[in-house]
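Notes for the one structure printed next.
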Amino acid sequence: MSTSLDLCAPLAVLGSDVQVPLVSGEKVGYAALDYAASAPALQRVWDDVAAYAPYYGSVHRGAGYLSQLSTDLFEQSRRTVAEFLDLREDDQVVFTRATTDSLNLLAGAVPAGTRVFAFETEHHASLLPWQHAGLEVMYLRAPRSHAEAVAALDAALTAHSSGPRLFCVTGASNVTGELWPVAELTEVAHRRGARVVLDAAQLAPHHRVSVRELDVDWIAFSGHKLYAPFGAGVLAGRADWLDAAEPYLAGGGASRTVAREPNGSIAVEWQSGPARHEAGSPNVIGAYAIAAACRALTEAGFDQLERREQALVERLEAGLAEIPEVTVLNLFGGYAPRVGVLSFVVRGWNSSHFAAALSAEYGIGVRDGLFCAHPLVRTLLGSQDRQPTQCGAPEPSLPGERSLNAIRVSFGAGTPEEHVERFLAAVRELTTSGARWNYRNEGGRCVADTRR
Ligand code: PLP
């Protein structure tokens with residue numbers, strides 16, 4: 001393993017010693033390079049959850065000792081998340097299922113008549129909930145620089161200056177890993193009277209995030225991308241719109257009093273605060289796991305983690321730049337800093353075929369496809385007018401033909417240098433020598449053909 005980068009050790013994660021079979025029959029240590037989809041659990045998170053598990057009990061509804069303990073831990077987890085995000089005093093933390101859930105919750109909670117602004121480059125979780133909730137949405141064209149993004153938002157908000165408005169933006173792209181100028185965009189949005197929600201699904205696992213400094217009104221992220229894969233997420237931020245909205249779900253916990261009226265109907269008084277949008281028994285293990293991850297990342301130190309990750313990003317970029325068949329996808333022209341997420345295409349290869357070969361022949365797990373950000377990937381590939389092929393069979397690679405999907409490699413705090421080195425060596429070998437195996441389409445996926 002290369003030690004040339006002189007980095008701190010990766011954080012301990014589950015699965016780092018898992019061996020997987022190659023198509024040849026050999027076994028190798030799995031190189032998990034798909035953190036952007038779901039990151040492995042931090043060992044610390046797993047240990048904290050295991051230590052709590054015997055004490056698990058109901059939340060907000062039991063008189064027994066373990067119910068009270070679990071309720072305390074659930075509420076303490078909320079405070080830990082608030083600290084981790086550097087929230088303002090009056091901000092709320094609502095536990096959800098994940099980022100998608102958080103943004104759908106917010107979409108249902110904004111005042112009637114709110115107009116939403118979003119760049120078409122967003123992940124579908126940030127792009128689709130608004131229209132789905134019946135709101136009017138203005139989709140802004142893909143900007144090619146930070147300055148262009150800020151100017152486009154300014155122009156759009158100036159042109160539509162009345163009524164409640166909400167701007168939704170990602171902190172780091174799940175496709176290119178590029179950082180977005182969140183503080184500058186928020187400054188413009190606020191100057192024009194709009195509110196801002198930050199999709200931090202790909203930002204929070206890689207960077208210290210201060211809601212206070214960025215000044216965004218809400219933030220959403222997922223536990224399973226933050227090394228806490230226990231089914232919880234977060235929506236945090238301003239209380240006013242959330243308290244004025246109908247509860248996300250109707251049920252116990254969200255209701256303060258429920259009484260039968262003389263006319264036979266049921267009258268409900270809803271809670272305010274986070275409970276209003278957390279009906280039903282909450283996922284206390286999920287919330288506790290997120291809090292454990294927040295503590296572990298804070299204690300490890302984001303400065304150290306970022307330095308380490310950036311060194312791996314630079315190594316990856318430099319290594320790929322030496323392979324002429326590889327084109328890295330960048331929205332902002334290759335100049336914007338990125339987190340440990342990078343997508344690329346390989347000349348002469350269908351991306352599904354390439355990703356399948358990385359798995360079957362090298363034990364490397366990446367992702368291929370359009371990454372739930374179809375408009376963005378099609379813009380980057382210049383393939384807006386063409387329907388994507390099914391992820392699967394190696395498509396004939398015609399000279400000059402553009403790929404219809406891409407390959408994404410992503411990593412984080414648990415990634416050893418060896419994984420990046422092995423990945424680069426595998427890309428070099430595949431592009432020079434080709435795959436050693438035959439591949440076929442199985443149920444829409446490209447897989448090594450092991451039939452005799
Ligand atoms: N936003 C971004 C930028 C993402 O990358 C993702 C998931 O990949 C989501 C939102 C949705 O997250 P989840 O699937 O955890 O709801």
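For the structure tokens, the naming scheme is as follows: chains receive sequential letters (A, B, ...) according to their order of presentation, residues are indexed from 1 within each chain, and ligands are indexed from 1 in presentation order.
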
message: Applying 12 Å and only C-alpha atoms, which residues near Thr99 of chain A remain after dropping the ones on its own chain fewer than 6 positions away? List them as a VMD selection string.
response: chain A and resid 105 to 106 123 to 126 129 170 197 to 204 218 to 226 231 to 236

Deliver the residues from the most recent selection as a file, using C-alpha atoms, as a CSV table (one decimal), in the first residue's frame.
chain,number,residue,atom,x,y,z
A,105,LEU,CA,-42.0,16.8,4.4
A,106,LEU,CA,-40.9,20.3,3.7
A,123,HIS,CA,-30.8,15.0,-7.4
A,124,HIS,CA,-34.4,13.8,-8.0
A,125,ALA,CA,-35.0,14.0,-4.2
A,126,SER,CA,-34.5,17.8,-4.4
A,129,PRO,CA,-41.0,16.8,-4.3
A,170,THR,CA,-27.5,20.8,-3.1
A,197,VAL,CA,-33.3,24.6,1.9
A,198,LEU,CA,-29.9,22.9,1.6
A,199,ASP,CA,-29.7,19.3,0.4
A,200,ALA,CA,-26.7,18.2,2.4
A,201,ALA,CA,-26.9,14.5,1.7
A,202,GLN,CA,-23.5,14.5,0.0
A,203,LEU,CA,-22.1,17.5,1.9
A,204,ALA,CA,-22.6,16.6,5.6
A,218,TRP,CA,-33.4,24.3,6.4
A,219,ILE,CA,-31.0,21.5,5.9
A,220,ALA,CA,-31.7,17.8,5.0
A,221,PHE,CA,-29.4,14.8,5.2
A,222,SER,CA,-29.5,11.0,5.4
A,223,GLY,CA,-28.0,8.8,8.2
A,224,HIS,CA,-27.0,6.0,5.8
A,225,LYS,CA,-24.7,8.4,3.9
A,226,LEU,CA,-23.3,9.6,7.2
A,231,GLY,CA,-33.0,4.1,8.6
A,232,ALA,CA,-33.1,7.7,9.9
A,233,GLY,CA,-32.6,11.1,8.4
A,234,VAL,CA,-32.9,14.7,9.4
A,235,LEU,CA,-34.8,17.9,8.4
A,236,ALA,CA,-33.6,20.8,10.5

- request: From segment 126-170 of chain A, collect each residue whose DSSP state is helix (DSSP H, G or I) and return the set as a PyMOL selection string.
  value: chain A and resi 126-127+129-132+146-159

File of the preceding selection, N, CA and C atoms, as an mmCIF file, in the first residue's frame:
data_model
loop_
_atom_site.group_PDB
_atom_site.id
_atom_site.type_symbol
_atom_site.label_atom_id
_atom_site.label_comp_id
_atom_site.auth_asym_id
_atom_site.auth_seq_id
_atom_site.Cartn_x
_atom_site.Cartn_y
_atom_site.Cartn_z
ATOM 1 N N SER A 126 -34.327 16.357 -4.600
ATOM 2 C CA SER A 126 -34.453 17.814 -4.444
ATOM 3 C C SER A 126 -35.225 18.435 -5.591
ATOM 4 N N LEU A 127 -35.360 17.652 -6.662
ATOM 5 C CA LEU A 127 -35.973 18.182 -7.877
ATOM 6 C C LEU A 127 -37.484 17.934 -7.902
ATOM 7 N N PRO A 129 -39.962 16.659 -5.300
ATOM 8 C CA PRO A 129 -41.025 16.751 -4.275
ATOM 9 C C PRO A 129 -41.920 17.974 -4.432
ATOM 10 N N TRP A 130 -41.389 19.062 -4.952
ATOM 11 C CA TRP A 130 -42.129 20.328 -4.992
ATOM 12 C C TRP A 130 -43.301 20.229 -5.962
ATOM 13 N N GLN A 131 -43.002 19.783 -7.158
ATOM 14 C CA GLN A 131 -44.031 19.604 -8.190
ATOM 15 C C GLN A 131 -45.038 18.548 -7.719
ATOM 16 N N HIS A 132 -44.525 17.518 -7.081
ATOM 17 C CA HIS A 132 -45.379 16.426 -6.589
ATOM 18 C C HIS A 132 -46.358 16.948 -5.539
ATOM 19 N N HIS A 146 -19.885 28.862 -10.777
ATOM 20 C CA HIS A 146 -20.542 29.371 -9.570
ATOM 21 C C HIS A 146 -21.176 30.724 -9.856
ATOM 22 N N ALA A 147 -20.424 31.578 -10.549
ATOM 23 C CA ALA A 147 -20.923 32.939 -10.820
ATOM 24 C C ALA A 147 -22.205 32.872 -11.638
ATOM 25 N N GLU A 148 -22.236 31.957 -12.601
ATOM 26 C CA GLU A 148 -23.429 31.822 -13.448
ATOM 27 C C GLU A 148 -24.632 31.348 -12.609
ATOM 28 N N ALA A 149 -24.360 30.453 -11.655
ATOM 29 C CA ALA A 149 -25.443 29.957 -10.790
ATOM 30 C C ALA A 149 -26.024 31.104 -9.966
ATOM 31 N N VAL A 150 -25.145 31.907 -9.392
ATOM 32 C CA VAL A 150 -25.603 33.015 -8.544
ATOM 33 C C VAL A 150 -26.396 34.015 -9.384
ATOM 34 N N ALA A 151 -25.881 34.329 -10.575
ATOM 35 C CA ALA A 151 -26.552 35.309 -11.442
ATOM 36 C C ALA A 151 -27.917 34.771 -11.894
ATOM 37 N N ALA A 152 -27.994 33.487 -12.209
ATOM 38 C CA ALA A 152 -29.256 32.903 -12.684
ATOM 39 C C ALA A 152 -30.308 32.936 -11.579
ATOM 40 N N LEU A 153 -29.883 32.637 -10.360
ATOM 41 C CA LEU A 153 -30.846 32.667 -9.259
ATOM 42 C C LEU A 153 -31.315 34.091 -9.020
ATOM 43 N N ASP A 154 -30.379 35.004 -9.040
ATOM 44 C CA ASP A 154 -30.717 36.411 -8.814
ATOM 45 C C ASP A 154 -31.748 36.875 -9.853
ATOM 46 N N ALA A 155 -31.494 36.533 -11.097
ATOM 47 C CA ALA A 155 -32.408 36.962 -12.171
ATOM 48 C C ALA A 155 -33.795 36.328 -11.982
ATOM 49 N N ALA A 156 -33.816 35.062 -11.637
ATOM 50 C CA ALA A 156 -35.104 34.365 -11.491
ATOM 51 C C ALA A 156 -35.909 34.946 -10.323
ATOM 52 N N LEU A 157 -35.234 35.222 -9.224
ATOM 53 C CA LEU A 157 -35.951 35.754 -8.054
ATOM 54 C C LEU A 157 -36.362 37.202 -8.273
ATOM 55 N N THR A 158 -35.592 37.906 -9.066
ATOM 56 C CA THR A 158 -35.963 39.287 -9.380
ATOM 57 C C THR A 158 -37.197 39.293 -10.291
ATOM 58 N N ALA A 159 -37.233 38.355 -11.198
ATOM 59 C CA ALA A 159 -38.366 38.291 -12.135
ATOM 60 C C ALA A 159 -39.645 37.823 -11.438
#

Spatial neighbours of Leu66 of chain A, max dist 6 Å, only C-alpha atoms, sep filter under 2 positions, as a list in words: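 Result of the neighbour search: Tyr55, Gly57, Gly64, Gln68, Leu69 and Ser70 of chain A.
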
Could those selected residues go to a file with N, CA, C and O atoms, as a CSV table (one decimal), in the first residue's frame?
chain,number,residue,atom,x,y,z
A,55,TYR,N,-31.0,-1.6,26.1
A,55,TYR,CA,-31.8,-0.6,26.8
A,55,TYR,C,-32.9,-0.1,26.0
A,55,TYR,O,-33.6,0.8,26.4
A,57,GLY,N,-36.2,0.9,24.2
A,57,GLY,CA,-37.5,0.9,24.7
A,57,GLY,C,-38.4,1.9,23.9
A,57,GLY,O,-37.8,2.6,23.0
A,64,GLY,N,-42.1,3.0,32.0
A,64,GLY,CA,-41.0,2.2,32.5
A,64,GLY,C,-39.6,2.8,32.4
A,64,GLY,O,-39.5,3.8,31.6
A,68,GLN,N,-38.2,5.6,29.5
A,68,GLN,CA,-37.7,6.9,29.8
A,68,GLN,C,-36.3,7.1,29.4
A,68,GLN,O,-35.9,8.2,28.9
A,69,LEU,N,-35.5,6.1,29.5
A,69,LEU,CA,-34.1,6.2,29.1
A,69,LEU,C,-34.1,6.4,27.5
A,69,LEU,O,-33.3,7.3,27.0
A,70,SER,N,-34.9,5.6,26.8
A,70,SER,CA,-34.9,5.7,25.4
A,70,SER,C,-35.4,7.1,24.9
A,70,SER,O,-34.9,7.7,24.0

Write out as a tab-separated table a residue-level contact list of segment 220-338 of chain A versus segment 403-413 of chain A with cut-off 9 Å: for each qualifying residue the closest pair of atoms and the distance in Å to one decimal, counting only C-alpha atoms, rows sorted by chain and residue number upward.
residue	atom	partner	partner_atom	distance
A:Leu297	CA	A:Ala413	CA	8.7
A:Leu305	CA	A:Ala413	CA	6.2
A:Glu306	CA	A:Ala413	CA	8.4
A:Arg308	CA	A:Ala413	CA	8.0
A:Glu309	CA	A:Gly412	CA	6.4
A:Leu312	CA	A:Phe411	CA	8.9
A:Leu329	CA	A:Ala406	CA	8.7

Write the selection just made, keeping C-alpha atoms, as an mmCIF file, in the first residue's frame?
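The file below, again-v2.cif, is the result:
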data_model
loop_
_atom_site.group_PDB
_atom_site.id
_atom_site.type_symbol
_atom_site.label_atom_id
_atom_site.label_comp_id
_atom_site.auth_asym_id
_atom_site.auth_seq_id
_atom_site.Cartn_x
_atom_site.Cartn_y
_atom_site.Cartn_z
ATOM 1 C CA LEU A 297 -16.907 12.664 13.022
ATOM 2 C CA LEU A 305 -10.783 14.034 7.529
ATOM 3 C CA GLU A 306 -11.071 16.649 4.798
ATOM 4 C CA ARG A 308 -7.164 13.084 3.985
ATOM 5 C CA GLU A 309 -10.097 12.967 1.593
ATOM 6 C CA LEU A 312 -7.306 10.959 -2.172
ATOM 7 C CA LEU A 329 -17.582 14.784 -15.747
#

message: Between A:Ala259, A:Ala53, A:Ala37, A:Ala244, which residue has the minimum interatomic distance to Ile285 of chain A, considering only C-alpha atoms?
response: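 Residue with the minimum atom-to-atom distance to Ile285 of chain A: A:Ala53.
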
- prompt: Between atom CA of Ser352 of chain A and atom CA of Arg445 of chain A, what is the distance, to one decimal in Å?
  reply: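 Separating atom CA of Ser352 of chain A from atom CA of Arg445 of chain A is a distance of 7.3 Å.
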
query: So how many Å separate atom CA of Asn174 of chain A and atom CA of Phe354 of chain A, to one decimal?
result: 19.6 Å

- prompt: Nearest to Val49 of chain A: which of A:Thr257, A:Leu73, A:Val169, A:Asn350 is it, counting only C-alpha atoms?
  reply: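 Residue with the minimum atom-to-atom distance to Val49 of chain A: A:Leu73.
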
- request: Please report, as an NGL selection string, each residue of segment 222-309 of chain A to which DSSP assigns strand (DSSP E or B) when run on this structure's backbone.
  value: :A and (222 or 233-237 or 255-260 or 266-270)

query: Neighbours of Leu430 of chain A within 10 Å (only C-alpha atoms; same-chain residues fewer than 3 positions away dropped), as JSON, numbers by chain?
result: {"A": [346, 349, 354, 357, 358, 361, 424, 425, 426, 427, 433, 434, 435, 436]}

- request: Could you check which of A:Val188, A:Ala82, A:Gly414, A:Asp48 is closest to Leu14 of chain A, using only C-alpha atoms?
  value: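 Nearest candidate to Leu14 of chain A out of A:Val188, A:Ala82, A:Gly414, A:Asp48: A:Gly414.
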
message: When you look at Val110 of chain A with a cut-off of 10 Å (counting only C-alpha atoms), what residues show up, excluding the ones that are within fewer than 5 positions of it in the same chain? I need them as a VMD selection string.
response: chain A and resid 105 115 to 116 130 133 135 164 to 166 240 to 242 244 to 246

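Comparing the minimum interatomic distances between Ala118 of chain A and each of A:Met138, A:Leu103, A:Val196, A:Val377, counting only C-alpha atoms, we find that A:Met138 sits nearest.
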
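Interatomic distance, atom CA of Thr114 of chain A to atom CA of Arg191 of chain A: 17.1 Å.
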
query: Contacts of Leu179 of chain A at 9 Å or less, counting only C-alpha atoms, minus same-chain residues fewer than 4 places along, as a list of chain:residue names?
result: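 Answer for this query is A:Thr170, A:Gly171, A:Ala172, A:Ser173, A:Leu203, A:Ala336, A:Pro337, A:Arg338, A:Val339.
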
Now that the selection is made, can you save its residues with N, CA and C atoms as an mmCIF file, in the first residue's frame?
data_model
loop_
_atom_site.group_PDB
_atom_site.id
_atom_site.type_symbol
_atom_site.label_atom_id
_atom_site.label_comp_id
_atom_site.auth_asym_id
_atom_site.auth_seq_id
_atom_site.Cartn_x
_atom_site.Cartn_y
_atom_site.Cartn_z
ATOM 1 N N THR A 170 -28.328 21.847 -3.677
ATOM 2 C CA THR A 170 -27.468 20.820 -3.094
ATOM 3 C C THR A 170 -26.156 21.451 -2.636
ATOM 4 N N GLY A 171 -25.558 20.862 -1.597
ATOM 5 C CA GLY A 171 -24.270 21.363 -1.127
ATOM 6 C C GLY A 171 -23.117 20.786 -1.933
ATOM 7 N N ALA A 172 -23.240 19.497 -2.283
ATOM 8 C CA ALA A 172 -22.221 18.832 -3.101
ATOM 9 C C ALA A 172 -22.960 17.876 -4.017
ATOM 10 N N SER A 173 -22.595 17.895 -5.284
ATOM 11 C CA SER A 173 -23.319 17.088 -6.275
ATOM 12 C C SER A 173 -23.073 15.599 -6.068
ATOM 13 N N LEU A 203 -22.981 16.517 1.298
ATOM 14 C CA LEU A 203 -22.060 17.485 1.911
ATOM 15 C C LEU A 203 -21.725 17.100 3.346
ATOM 16 N N ALA A 336 -13.972 23.671 -9.858
ATOM 17 C CA ALA A 336 -14.625 23.710 -8.544
ATOM 18 C C ALA A 336 -14.089 22.577 -7.679
ATOM 19 N N PRO A 337 -13.843 22.855 -6.408
ATOM 20 C CA PRO A 337 -13.433 21.766 -5.531
ATOM 21 C C PRO A 337 -14.552 20.737 -5.403
ATOM 22 N N ARG A 338 -14.160 19.492 -5.152
ATOM 23 C CA ARG A 338 -15.170 18.442 -5.016
ATOM 24 C C ARG A 338 -14.907 17.628 -3.754
ATOM 25 N N VAL A 339 -15.963 16.975 -3.277
ATOM 26 C CA VAL A 339 -15.814 15.986 -2.220
ATOM 27 C C VAL A 339 -15.401 14.668 -2.886
#

task: Using only C-alpha atoms and all ligand atoms, find the one residue out of A:Arg141, A:Arg256, A:Arg97, A:Arg78 that sits nearest to ligand 1.
output: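 Closest residue, counting only C-alpha atoms and all ligand atoms: A:Arg97.
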
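Candidate residues A:Leu11, A:Cys372, A:Ile364, A:Val94 were compared for distance to ligand 1, and the nearest is A:Cys372, using only C-alpha atoms and all ligand atoms.
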
- prompt: Hey, what's within 9 Å of segment 273-276 of chain A if we count only C-alpha atoms and toss same-chain stuff fewer than 4 positions away? As a ChimeraX atom specification, please?
  reply: /A:92-95,239,242-243,245-250,253-256
